[in-house]
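**Q** My structure file input.cif, mmCIF, C-alpha atoms, is below:
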```
data_my_file
#
loop_
_atom_site.label_atom_id
_atom_site.label_comp_id
_atom_site.auth_asym_id
_atom_site.auth_seq_id
_atom_site.Cartn_x
_atom_site.Cartn_y
_atom_site.Cartn_z
CA MET S 237 29.97 -34.38 21.34
CA SER S 238 28.31 -33.95 17.91
CA SER S 239 28.70 -30.87 15.70
CA THR S 240 25.08 -29.84 16.43
CA GLU S 241 25.71 -30.02 20.19
CA ASN S 242 28.86 -27.94 19.77
CA LEU S 243 26.89 -25.38 17.80
CA ILE S 244 24.17 -25.23 20.48
CA THR S 245 26.88 -24.59 23.07
CA SER S 246 28.34 -21.81 20.92
CA ILE S 247 24.91 -20.21 20.51
CA GLN S 248 24.30 -20.29 24.25
CA GLY S 249 27.70 -18.79 25.00
CA LEU S 250 27.95 -16.15 22.27
CA SER S 251 24.53 -14.42 22.39
CA ALA S 252 25.28 -11.77 24.99
CA SER S 253 27.32 -8.93 23.44
CA SER S 254 27.53 -7.43 19.94
CA GLY S 255 31.11 -8.64 19.54
CA ASP S 256 30.14 -12.20 20.46
CA LEU S 257 27.16 -12.06 18.11
CA SER S 258 29.41 -11.12 15.17
CA ALA S 259 31.59 -14.13 15.93
CA LEU S 260 28.51 -16.34 16.30
CA HIS S 261 27.21 -15.13 12.95
CA ARG S 262 30.43 -16.25 11.25
CA ILE S 263 30.19 -19.66 12.96
CA LEU S 264 26.55 -20.10 11.93
CA LYS S 265 27.24 -19.22 8.29
CA GLY S 266 30.09 -21.71 8.23
CA ALA S 267 27.98 -24.46 9.81
CA GLU S 268 24.90 -24.00 7.61
CA GLU S 269 25.71 -26.76 5.11
CA THR S 270 26.56 -29.16 7.93
CA LEU S 271 23.22 -28.45 9.60
CA ARG S 272 21.31 -29.16 6.39
CA ALA S 273 23.06 -32.53 6.09
CA ASP S 274 22.46 -33.47 9.76
CA SER S 275 19.66 -36.06 9.85
CA ASP S 276 19.50 -35.93 13.67
CA LEU S 277 18.44 -32.29 13.71
CA GLU S 278 14.79 -32.07 14.81
CA LEU S 279 12.34 -29.44 15.99
CA SER S 280 12.87 -30.66 19.54
CA THR S 281 16.49 -29.43 19.30
CA LEU S 282 15.17 -25.88 19.56
CA GLU S 283 13.94 -26.59 23.10
CA GLN S 284 17.55 -26.14 24.28
CA LEU S 285 17.46 -22.48 23.22
CA ASP S 286 15.53 -19.40 24.35
CA ALA S 287 14.12 -17.58 21.30
CA SER S 288 14.33 -14.19 23.04
CA LYS S 289 17.96 -14.60 24.21
CA HIS S 290 19.43 -16.76 21.45
CA SER S 291 17.50 -15.25 18.51
CA LEU S 292 20.33 -15.35 15.95
CA GLY S 293 21.17 -19.01 16.50
CA TYR S 294 17.50 -19.94 16.82
CA LEU S 295 16.88 -18.26 13.46
CA TYR S 296 19.51 -20.31 11.65
CA LEU S 297 18.32 -23.61 13.14
CA LEU S 298 14.66 -22.79 12.47
CA ASP S 299 15.47 -21.88 8.87
CA VAL S 300 17.09 -25.29 8.28
CA LEU S 301 14.31 -27.20 10.05
CA THR S 302 11.42 -25.55 8.17
CA CYS S 303 12.65 -25.68 4.58
CA GLY S 304 11.48 -28.28 2.08
CA PRO S 305 8.14 -30.08 1.64
CA MET S 306 6.23 -31.30 4.71
CA SER S 307 2.93 -32.85 5.72
CA LYS S 308 -0.05 -30.74 6.78
CA GLU S 309 0.38 -31.86 10.41
CA LYS S 310 4.03 -30.78 10.46
CA ALA S 311 3.12 -27.54 8.66
CA LEU S 312 0.74 -26.69 11.52
CA ASP S 313 3.54 -27.23 14.05
CA VAL S 314 5.99 -25.20 11.97
CA VAL S 315 3.54 -22.28 11.59
CA LEU S 316 3.02 -22.19 15.37
CA LEU S 317 6.76 -22.40 16.03
CA ILE S 318 7.68 -19.62 13.57
CA SER S 319 4.84 -17.47 14.88
CA ARG S 320 6.12 -17.73 18.44
CA PHE S 321 9.68 -17.02 17.32
CA ILE S 322 8.71 -13.88 15.39
CA THR S 323 6.79 -12.57 18.39
CA SER S 324 9.52 -13.21 20.98
CA CYS S 325 12.79 -12.76 19.03
CA ASP S 326 15.20 -9.91 19.68
CA ALA S 327 15.11 -7.28 16.92
CA GLU S 328 18.80 -6.37 17.19
CA GLN S 329 19.89 -9.98 16.78
CA ILE S 330 17.69 -10.87 13.81
CA ARG S 331 18.80 -7.70 11.97
CA ILE S 332 22.31 -9.17 11.87
CA ALA S 333 20.89 -11.80 9.49
CA SER S 334 17.93 -9.81 8.14
CA ASP S 335 17.90 -11.64 4.77
CA LYS S 336 17.59 -14.96 6.62
CA PHE S 337 14.77 -13.56 8.77
CA VAL S 338 12.91 -12.20 5.74
CA SER S 339 13.26 -15.56 4.00
CA LEU S 340 11.84 -17.35 7.06
CA CYS S 341 8.90 -14.93 7.26
CA LYS S 342 8.10 -15.39 3.58
CA ARG S 343 8.15 -19.15 4.09
CA PHE S 344 5.82 -18.66 7.05
CA LYS S 345 3.43 -16.70 4.82
CA ASP S 346 3.48 -19.47 2.20
CA ARG S 347 2.72 -22.13 4.84
CA VAL S 348 -0.17 -20.07 6.19
CA LEU S 349 -1.61 -19.71 2.68
CA GLU S 350 -1.21 -23.45 2.06
CA LEU S 351 -3.26 -24.04 5.21
CA GLU S 352 -5.85 -21.54 3.87
CA ASP S 353 -5.72 -19.60 7.13
CA PRO S 354 -4.28 -16.13 6.34
CA LEU S 355 -5.64 -14.67 9.58
CA ARG S 356 -3.12 -16.78 11.53
CA GLY S 357 -0.25 -14.91 9.87
CA VAL S 358 -1.43 -11.30 10.21
CA ALA S 359 -0.23 -10.51 13.76
CA PRO S 360 3.18 -12.27 13.42
CA LEU S 361 3.99 -10.50 10.13
CA LEU S 362 2.95 -7.12 11.53
CA SER S 363 5.44 -7.76 14.35
CA ALA S 364 8.07 -8.96 11.85
CA VAL S 365 7.78 -5.76 9.79
CA ARG S 366 8.42 -3.58 12.84
CA LYS S 367 11.36 -5.71 14.00
CA VAL S 368 13.19 -5.86 10.69
CA GLN S 369 12.47 -2.20 9.87
CA VAL S 370 15.44 -0.02 10.86
CA SER S 371 13.44 3.18 10.25
CA SER S 372 9.72 3.89 9.78
CA LYS S 373 10.67 5.60 6.49
CA ARG S 374 12.12 2.40 5.05
CA LEU S 375 10.11 -0.10 3.01
CA THR S 376 11.01 -3.72 3.85
CA ALA S 377 10.55 -6.84 1.77
CA LEU S 378 7.91 -7.96 4.30
CA HIS S 379 5.55 -5.01 3.83
CA PRO S 380 3.85 -6.46 0.71
CA ASP S 381 3.51 -9.94 2.28
CA CYS S 382 1.96 -8.49 5.43
CA LEU S 383 -0.53 -6.42 3.41
CA GLN S 384 -1.39 -9.44 1.26
CA LEU S 385 -2.29 -11.49 4.34
CA CYS S 386 -4.32 -8.58 5.77
CA LEU S 387 -6.16 -8.37 2.47
CA LEU S 388 -6.91 -12.09 2.25
CA ALA S 389 -7.97 -12.20 5.91
CA LYS S 390 -10.04 -9.00 5.45
CA CYS S 391 -8.16 -7.40 8.37
CA TYR S 392 -8.19 -3.99 6.74
CA LYS S 393 -7.59 -2.05 9.97
CA ALA S 394 -4.47 -4.08 10.73
CA GLY S 395 -3.16 -3.47 7.23
CA PHE S 396 -3.95 0.23 7.37
CA SER S 397 -1.80 0.56 10.50
CA ILE S 398 1.41 0.18 8.46
CA LEU S 399 0.22 2.46 5.65
CA SER S 400 0.39 5.60 7.78
CA ASP S 401 4.21 5.82 7.54
CA ASP S 402 5.76 8.07 4.88
CA ILE S 403 7.98 5.69 2.91
CA LEU S 404 11.10 7.41 1.56
CA GLU S 405 13.59 4.53 1.21
CA VAL S 406 12.97 1.62 -1.19
CA ASP S 407 15.33 -1.24 -2.10
CA GLN S 408 13.33 -3.24 -4.65
CA PRO S 409 10.86 -1.60 -7.09
CA ARG S 410 8.62 -4.68 -7.07
CA ASP S 411 8.19 -4.41 -3.30
CA PHE S 412 7.11 -0.79 -3.75
CA TYR S 413 4.63 -1.68 -6.51
CA LEU S 414 3.04 -4.42 -4.40
CA TYR S 415 3.04 -2.31 -1.22
CA CYS S 416 1.13 0.49 -2.95
CA TYR S 417 -1.16 -1.89 -4.85
CA TYR S 418 -2.18 -3.99 -1.84
CA GLY S 419 -2.32 -0.86 0.29
CA GLY S 420 -4.64 0.78 -2.21
CA ILE S 421 -7.03 -2.18 -2.11
CA ILE S 422 -7.02 -2.15 1.70
CA CYS S 423 -7.87 1.57 1.70
CA ILE S 424 -10.71 0.87 -0.76
CA GLY S 425 -12.03 -1.74 1.68
CA GLN S 426 -11.85 0.90 4.43
CA LYS S 427 -13.61 3.47 2.17
CA LYS S 428 -10.54 5.70 2.52
CA PHE S 429 -10.56 6.62 -1.15
CA GLN S 430 -8.18 9.59 -0.94
CA LYS S 431 -5.41 7.45 0.55
CA ALA S 432 -6.21 4.66 -1.94
CA LEU S 433 -5.90 7.16 -4.79
CA GLU S 434 -2.53 8.31 -3.47
CA LEU S 435 -1.14 4.77 -3.28
CA LEU S 436 -2.48 3.68 -6.69
CA TYR S 437 -1.14 6.92 -8.19
CA ASN S 438 2.33 5.94 -6.91
CA VAL S 439 2.16 2.66 -8.85
CA VAL S 440 0.84 4.24 -12.05
CA THR S 441 3.50 6.98 -12.08
CA ALA S 442 6.43 4.89 -10.81
CA PRO S 443 9.45 4.62 -13.18
CA MET S 444 9.27 1.56 -15.45
CA HIS S 445 11.02 0.54 -18.67
CA SER S 446 8.14 -1.71 -19.74
CA LEU S 447 4.55 -2.10 -18.60
CA ASN S 448 4.07 -4.62 -15.78
CA ALA S 449 0.95 -6.45 -14.59
CA ILE S 450 0.92 -4.71 -11.19
CA ALA S 451 0.84 -1.24 -12.79
CA LEU S 452 -1.92 -2.31 -15.19
CA GLU S 453 -4.15 -3.67 -12.42
CA ALA S 454 -3.42 -0.58 -10.32
CA TYR S 455 -4.43 1.71 -13.19
CA LYS S 456 -7.79 -0.04 -13.57
CA LYS S 457 -8.56 0.57 -9.91
CA TYR S 458 -7.06 4.07 -10.13
CA VAL S 459 -9.63 5.04 -12.78
CA LEU S 460 -12.55 3.76 -10.70
CA VAL S 461 -11.35 5.27 -7.41
CA THR S 462 -10.80 8.61 -9.20
CA LEU S 463 -14.45 8.55 -10.28
CA ILE S 464 -15.67 7.69 -6.77
CA HIS S 465 -13.50 10.22 -4.96
CA SER S 466 -13.10 13.08 -7.44
CA GLY S 467 -16.17 12.64 -9.64
CA GLN S 468 -14.27 13.13 -12.89
CA PHE S 469 -11.92 11.28 -15.21
CA SER S 470 -8.95 12.58 -17.18
CA VAL S 471 -7.92 10.65 -20.29
CA SER S 472 -4.31 11.83 -20.08
CA LEU S 473 -2.01 10.34 -17.46
CA PRO S 474 0.00 12.57 -15.10
CA LYS S 475 3.09 14.05 -16.78
CA CYS S 476 5.38 12.28 -14.30
CA ALA S 477 4.22 8.85 -15.57
CA SER S 478 6.81 6.87 -17.52
CA THR S 479 6.79 6.62 -21.31
CA ALA S 480 5.80 2.93 -21.08
CA ALA S 481 2.79 3.82 -18.93
CA GLN S 482 1.79 6.70 -21.23
CA ARG S 483 1.87 4.43 -24.26
CA HIS S 484 0.27 1.23 -23.04
CA LEU S 485 -1.91 1.64 -19.92
CA LYS S 486 -4.96 3.06 -21.72
CA THR S 487 -4.63 0.54 -24.56
CA TRP S 488 -4.83 -2.41 -22.15
CA SER S 489 -7.70 -1.00 -20.08
CA LEU S 490 -10.20 0.25 -22.67
CA PRO S 491 -13.36 -0.81 -20.74
CA TYR S 492 -12.24 1.35 -17.81
CA THR S 493 -11.43 4.42 -19.89
CA GLU S 494 -14.82 3.99 -21.59
CA VAL S 495 -16.51 3.97 -18.17
CA GLY S 496 -14.54 7.11 -17.22
CA ASN S 497 -15.48 8.99 -20.39
CA CYS S 498 -19.14 8.01 -20.03
CA TYR S 499 -19.08 9.05 -16.35
CA ASN S 500 -17.88 12.52 -17.32
CA GLU S 501 -20.99 12.99 -19.47
CA GLY S 502 -23.18 12.42 -16.40
CA ASN S 503 -25.74 10.16 -18.08
CA ILE S 504 -26.66 7.28 -15.76
CA SER S 505 -28.42 5.10 -18.34
CA GLU S 506 -25.51 5.28 -20.78
CA LEU S 507 -23.03 4.49 -18.00
CA GLN S 508 -25.08 1.48 -16.91
CA ALA S 509 -25.18 0.24 -20.51
CA VAL S 510 -21.38 0.43 -20.73
CA VAL S 511 -21.07 -1.48 -17.42
CA VAL S 512 -23.40 -4.23 -18.65
CA ALA S 513 -21.47 -4.50 -21.95
CA HIS S 514 -18.14 -4.99 -20.16
CA SER S 515 -19.37 -6.78 -17.03
CA SER S 516 -17.43 -9.96 -17.87
CA ASP S 517 -14.18 -7.98 -18.04
CA PHE S 518 -14.88 -6.25 -14.73
CA GLU S 519 -15.80 -9.54 -13.06
CA LYS S 520 -12.65 -11.23 -14.37
CA ASP S 521 -10.59 -8.39 -12.87
CA ASN S 522 -12.49 -8.62 -9.54
CA ASN S 523 -13.52 -5.00 -10.04
CA LEU S 524 -17.27 -5.36 -10.59
CA GLY S 525 -18.09 -4.21 -7.04
CA LEU S 526 -15.87 -1.16 -7.45
CA VAL S 527 -17.52 -0.37 -10.80
CA LYS S 528 -20.94 -0.48 -9.12
CA GLN S 529 -19.68 1.95 -6.47
CA ALA S 530 -18.54 4.26 -9.26
CA VAL S 531 -22.01 4.11 -10.87
CA SER S 532 -23.61 4.85 -7.49
CA SER S 533 -21.26 7.78 -6.97
CA LEU S 534 -22.54 9.36 -10.20
CA TYR S 535 -25.97 9.77 -8.59
CA LYS S 536 -24.32 11.60 -5.71
CA ARG S 537 -22.17 13.66 -8.07
CA ASN S 538 -25.27 14.76 -9.99
CA ILE S 539 -27.03 15.66 -6.73
CA LEU S 540 -23.94 17.67 -5.74
CA ARG S 541 -24.20 19.62 -9.00
CA LEU S 542 -27.81 20.49 -8.14
CA THR S 543 -26.69 22.17 -4.90
CA GLN S 544 -24.72 24.66 -7.01
CA LYS S 545 -27.85 25.70 -8.94
CA TYR S 546 -30.77 25.46 -6.51
CA LEU S 547 -31.51 26.49 -2.93
CA THR S 548 -34.58 24.24 -2.56
CA LEU S 549 -35.83 21.23 -4.49
CA SER S 550 -38.43 18.56 -3.90
CA LEU S 551 -37.26 14.97 -3.50
CA GLN S 552 -39.27 14.03 -6.58
CA ASP S 553 -37.52 16.73 -8.64
CA ILE S 554 -34.15 15.41 -7.47
CA ALA S 555 -35.20 11.86 -8.42
CA ASN S 556 -36.24 13.02 -11.90
CA MET S 557 -33.12 15.11 -12.52
CA VAL S 558 -30.59 12.45 -11.50
CA GLN S 559 -32.61 9.51 -12.93
CA LEU S 560 -33.51 7.78 -9.68
CA ALA S 561 -36.51 5.48 -9.47
CA ASN S 562 -38.55 7.51 -6.97
CA ALA S 563 -38.48 10.16 -4.23
CA LYS S 564 -37.64 7.54 -1.57
CA GLU S 565 -34.39 6.63 -3.33
CA ALA S 566 -33.56 10.31 -3.66
CA GLU S 567 -34.11 10.77 0.07
CA MET S 568 -31.78 7.85 0.88
CA HIS S 569 -29.02 9.32 -1.30
CA VAL S 570 -29.42 12.80 0.17
CA LEU S 571 -29.38 11.46 3.74
CA GLN S 572 -26.23 9.42 3.03
CA MET S 573 -24.51 12.47 1.53
CA ILE S 574 -25.44 14.57 4.57
CA GLN S 575 -24.06 11.86 6.87
CA ASP S 576 -20.81 11.67 4.85
CA GLY S 577 -20.44 15.45 4.96
CA GLN S 578 -20.62 15.78 1.17
CA ILE S 579 -23.52 18.26 1.32
CA HIS S 580 -25.30 20.31 3.96
CA ALA S 581 -29.07 20.22 3.73
CA LEU S 582 -32.37 19.93 5.62
CA ILE S 583 -35.23 17.66 4.54
CA ASN S 584 -38.80 18.67 5.35
CA GLN S 585 -40.65 15.38 5.80
CA LYS S 586 -44.08 17.03 5.53
CA ASP S 587 -43.82 18.43 2.03
CA GLY S 588 -40.80 16.42 0.80
CA MET S 589 -38.68 19.53 0.18
CA VAL S 590 -34.89 19.69 0.51
CA ARG S 591 -33.20 22.98 1.47
CA PHE S 592 -29.49 23.18 0.67
CA LEU S 593 -27.29 25.03 3.18
CA GLU S 594 -23.82 26.58 3.26
CA ASP S 595 -20.94 24.71 4.90
CA PRO S 596 -21.21 25.54 8.64
CA GLU S 597 -17.51 24.90 9.29
CA GLN S 598 -15.80 28.15 10.28
CA TYR S 599 -12.38 26.54 10.90
CA LYS S 600 -12.27 28.01 14.40
CA THR S 601 -12.71 24.93 16.58
CA SER S 602 -9.83 23.42 18.54
CA GLU S 603 -10.32 20.11 16.71
CA MET S 604 -9.93 21.76 13.30
CA ILE S 605 -6.87 23.70 14.50
CA GLU S 606 -5.29 20.39 15.62
CA VAL S 607 -5.99 18.85 12.21
CA MET S 608 -4.46 21.83 10.41
CA ASP S 609 -1.43 21.79 12.73
CA SER S 610 -0.81 18.08 12.11
CA VAL S 611 -0.99 18.64 8.33
CA ILE S 612 1.44 21.56 8.57
CA GLN S 613 3.88 19.54 10.72
CA ARG S 614 3.75 16.62 8.28
CA THR S 615 4.39 18.99 5.36
CA ILE S 616 7.38 20.53 7.16
CA MET S 617 8.81 17.07 7.86
CA LEU S 618 8.34 15.96 4.25
CA SER S 619 10.03 19.17 3.08
CA LYS S 620 13.04 18.48 5.32
CA ASN S 621 13.27 14.91 4.05
CA LEU S 622 13.07 16.10 0.45
CA ILE S 623 15.87 18.65 1.00
CA ALA S 624 18.03 15.97 2.65
CA MET S 625 17.44 13.56 -0.26
CA ASP S 626 18.22 16.31 -2.78
CA GLU S 627 21.49 17.16 -1.03
CA SER S 628 22.44 13.49 -0.82
CA LEU S 629 21.74 13.00 -4.52
CA SER S 630 23.71 16.12 -5.43
CA CYS S 631 26.80 14.57 -3.80
CA ASP S 632 26.32 11.09 -5.26
CA PRO S 633 29.31 10.21 -7.52
CA LEU S 634 27.15 8.11 -9.89
CA TYR S 635 24.65 10.95 -10.32
CA LEU S 636 27.41 13.55 -10.85
CA GLY S 637 29.09 11.27 -13.38
CA LYS S 638 25.88 10.84 -15.34
CA VAL S 639 25.17 14.58 -15.29
CA GLY S 640 28.70 15.18 -16.54
CA ARG S 641 28.18 12.79 -19.46
CA GLU S 642 24.84 14.39 -20.30
CA ARG S 643 26.45 17.83 -20.24
CA GLN S 644 28.99 16.70 -22.81
CA ARG S 645 26.19 15.52 -25.10
CA TYR S 646 24.09 18.68 -24.84
CA ASP S 647 25.29 22.26 -24.67
CA PHE S 648 23.20 23.96 -21.99
CA GLY S 649 25.31 27.11 -21.87
CA GLU S 650 27.16 28.65 -18.98
CA ASP S 651 24.02 29.14 -16.86
CA PHE S 652 23.60 25.37 -16.33
CA ASP S 653 25.22 24.30 -13.07
CA THR S 654 25.39 20.54 -12.49
CA VAL S 655 26.47 20.81 -8.85
CA PRO S 656 24.96 23.16 -6.26
CA GLN S 657 27.45 25.84 -5.20
CA LYS S 658 27.50 24.62 -1.57
CA PHE S 659 28.85 21.22 -2.73
CA SER S 660 31.46 22.50 -5.16
CA MET S 661 34.96 21.41 -4.21
#
```
Turn the structure described in the file into structure tokens.
**A**
Amino acid sequence: MSSTENLITSIQGLSASSGDLSALHRILKGAEETLRADSDLELSTLEQLDASKHSLGYLYLLDVLTCGPMSKEKALDVVLLISRFITSCDAEQIRIASDKFVSLCKRFKDRVLELEDPLRGVAPLLSAVRKVQVSSKRLTALHPDCLQLCLLAKCYKAGFSILSDDILEVDQPRDFYLYCYYGGIICIGQKKFQKALELLYNVVTAPMHSLNAIALEAYKKYVLVTLIHSGQFSVSLPKCASTAAQRHLKTWSLPYTEVGNCYNEGNISELQAVVVAHSSDFEKDNNLGLVKQAVSSLYKRNILRLTQKYLTLSLQDIANMVQLANAKEAEMHVLQMIQDGQIHALINQKDGMVRFLEDPEQYKTSEMIEVMDSVIQRTIMLSKNLIAMDESLSCDPLYLGKVGRERQRYDFGEDFDTVPQKFSM
């Protein structure tokens, strides 16, 4: 009996209990080099195993069989095989060798991209994220890859489904940068600008020793989404941004800060001139469409300002004041703003007059109470998580050691307490 046949027998016999699986894992790690050198090992070997029952052993064999260069025909077979494995494998077993599973899934993503068919990989990677994720609060190495495929396949709803979790645990900073960056773009595609702003803000303000390309690209989109959602631009970055971001982000994104400053002045013609002057830069960054949305939002922002000054206006007056071509364009903008809930108004079609109204929402409906309750519950949960993280950090030996060294360097007086009283020994 060959070594591969012996290994298959071991996999079949040691996939039942947790104790057996630990022993099987040691056997598989020891046999990995032998498997890579076995020329008789083929995809058909996997037919002797059940992916749902023998997931750990199946994973090791599949990893060996799918590495290295291959023809397009074999790549198609491999993509189908890995896809079926991800869907049917047992989560508990693959978590024993989670690094191996992540590596296989990343290889699967690369094969799918080589075949120029990202849609094929969306559903399997969504399943993979949930299986390898121990907690919904934890960011995995597969989150960015899954969002990238959703973005390339334009499956924004699928991508948005994994953005609803509150991520509190991160292993690799790069994974967090990419998760927030890709997630921000997906939210832009869904017109969920508030969530996009939140995710891009996380990238821009994340700790960094030197400026990275992901943060720079995120900042460019952050400026534009801020204009679309908030209608104003601030030259200064948030105080929580790193020193590297404070120093370099604006320097490397001058066309965007120029658009923001011009937007604040409210002059459409000047803003359009700036966009035309830097159109090549925006197109190179794949941000020209977003820039055009920002320009369009200025019309709406100017109309919104009119509602604070006037009770009634003609459509022609609105067109003149916000620099639209004619009354018809003004009517289209007003109707769109009413539909989006940005303003409350009535249009008299006979005389072309617009009457601006107060917000009719009284915050008394059951639907609004449910929304408020869900926000309150989420805030309470985030507060509990923050307290737990603070307590954990306060007991961390590395943190306490660093605080002790800092205290020796600076004299903060007797009122400075490095350790909360409840954790004092």
**Q** List, as a VMD selection string, every residue that the PyMOL selection byres ((chain S and resi 291-293) around 8) selects in the file provided.
**A** chain S and resid 244 247 251 257 260 to 261 264 286 to 290 294 to 297 325 to 326 329 to 330 332 to 333
**Q** For Thr543 in chain S, please output as a PDB file with C-alpha atoms, in the frame of the given file all residues within 9 Å (counting all atoms listed in the file; exclusion window: fewer than 6 positions along the same chain).
**A**
```pdb
ATOM      1  CA  ILE S 579     -23.520  18.260   1.320  1.00  0.00           C
ATOM      2  CA  PHE S 592     -29.490  23.180   0.670  1.00  0.00           C
ATOM      3  CA  LEU S 593     -27.290  25.030   3.180  1.00  0.00           C
TER       4      LEU S 593
END
```
**Q** Find the residues near Asp595 in chain S: any atom within 10 Å, counting all atoms listed in the file, skip ones fewer than 3 places away on the same chain, and give them as a list in words.
**A**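 Residues near the query, excluding close chain neighbours: Gly577, Gln578, Ile579, His580, Ala581, Phe592 and Gln598 of chain S.
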**Q** Written as an MDAnalysis selection string, what is the full residue list that the PyMOL selection byres ((chain S and resi 532) around 12) yields on the file shown?
**A** chainID S and resid 460 463:465 467 499 502 504:505 507:508 525:531 533:539 558:560 565:566 569 572:573
**Q** For Val440 in chain S, find every residue with an atom within 6 Å (counting all atoms listed in the file), except residues of its own chain fewer than 2 positions away, and show them as a PyMOL selection string.
**A** chain S and resi 437-438+442+451+455
**Q** Would you compute the distance between CA of Thr462 in chain S and CA of Glu494 in chain S? Give it in Å to one decimal.
**A**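 Separation of CA of Thr462 in chain S and CA of Glu494 in chain S: 13.8 Å.
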**Q** How many Å lie between CA of Tyr413 in chain S and CA of Asp632 in chain S, rounded to one decimal?
**A**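 Distance reported for this atom pair: 25.2 Å.
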**Q** Spell out the residues picked by the PyMOL selection byres ((chain S and resi 551) around 9) here, as a ChimeraX atom specification.
**A** /S:549-550,552-556,562-567,570,583,588-590
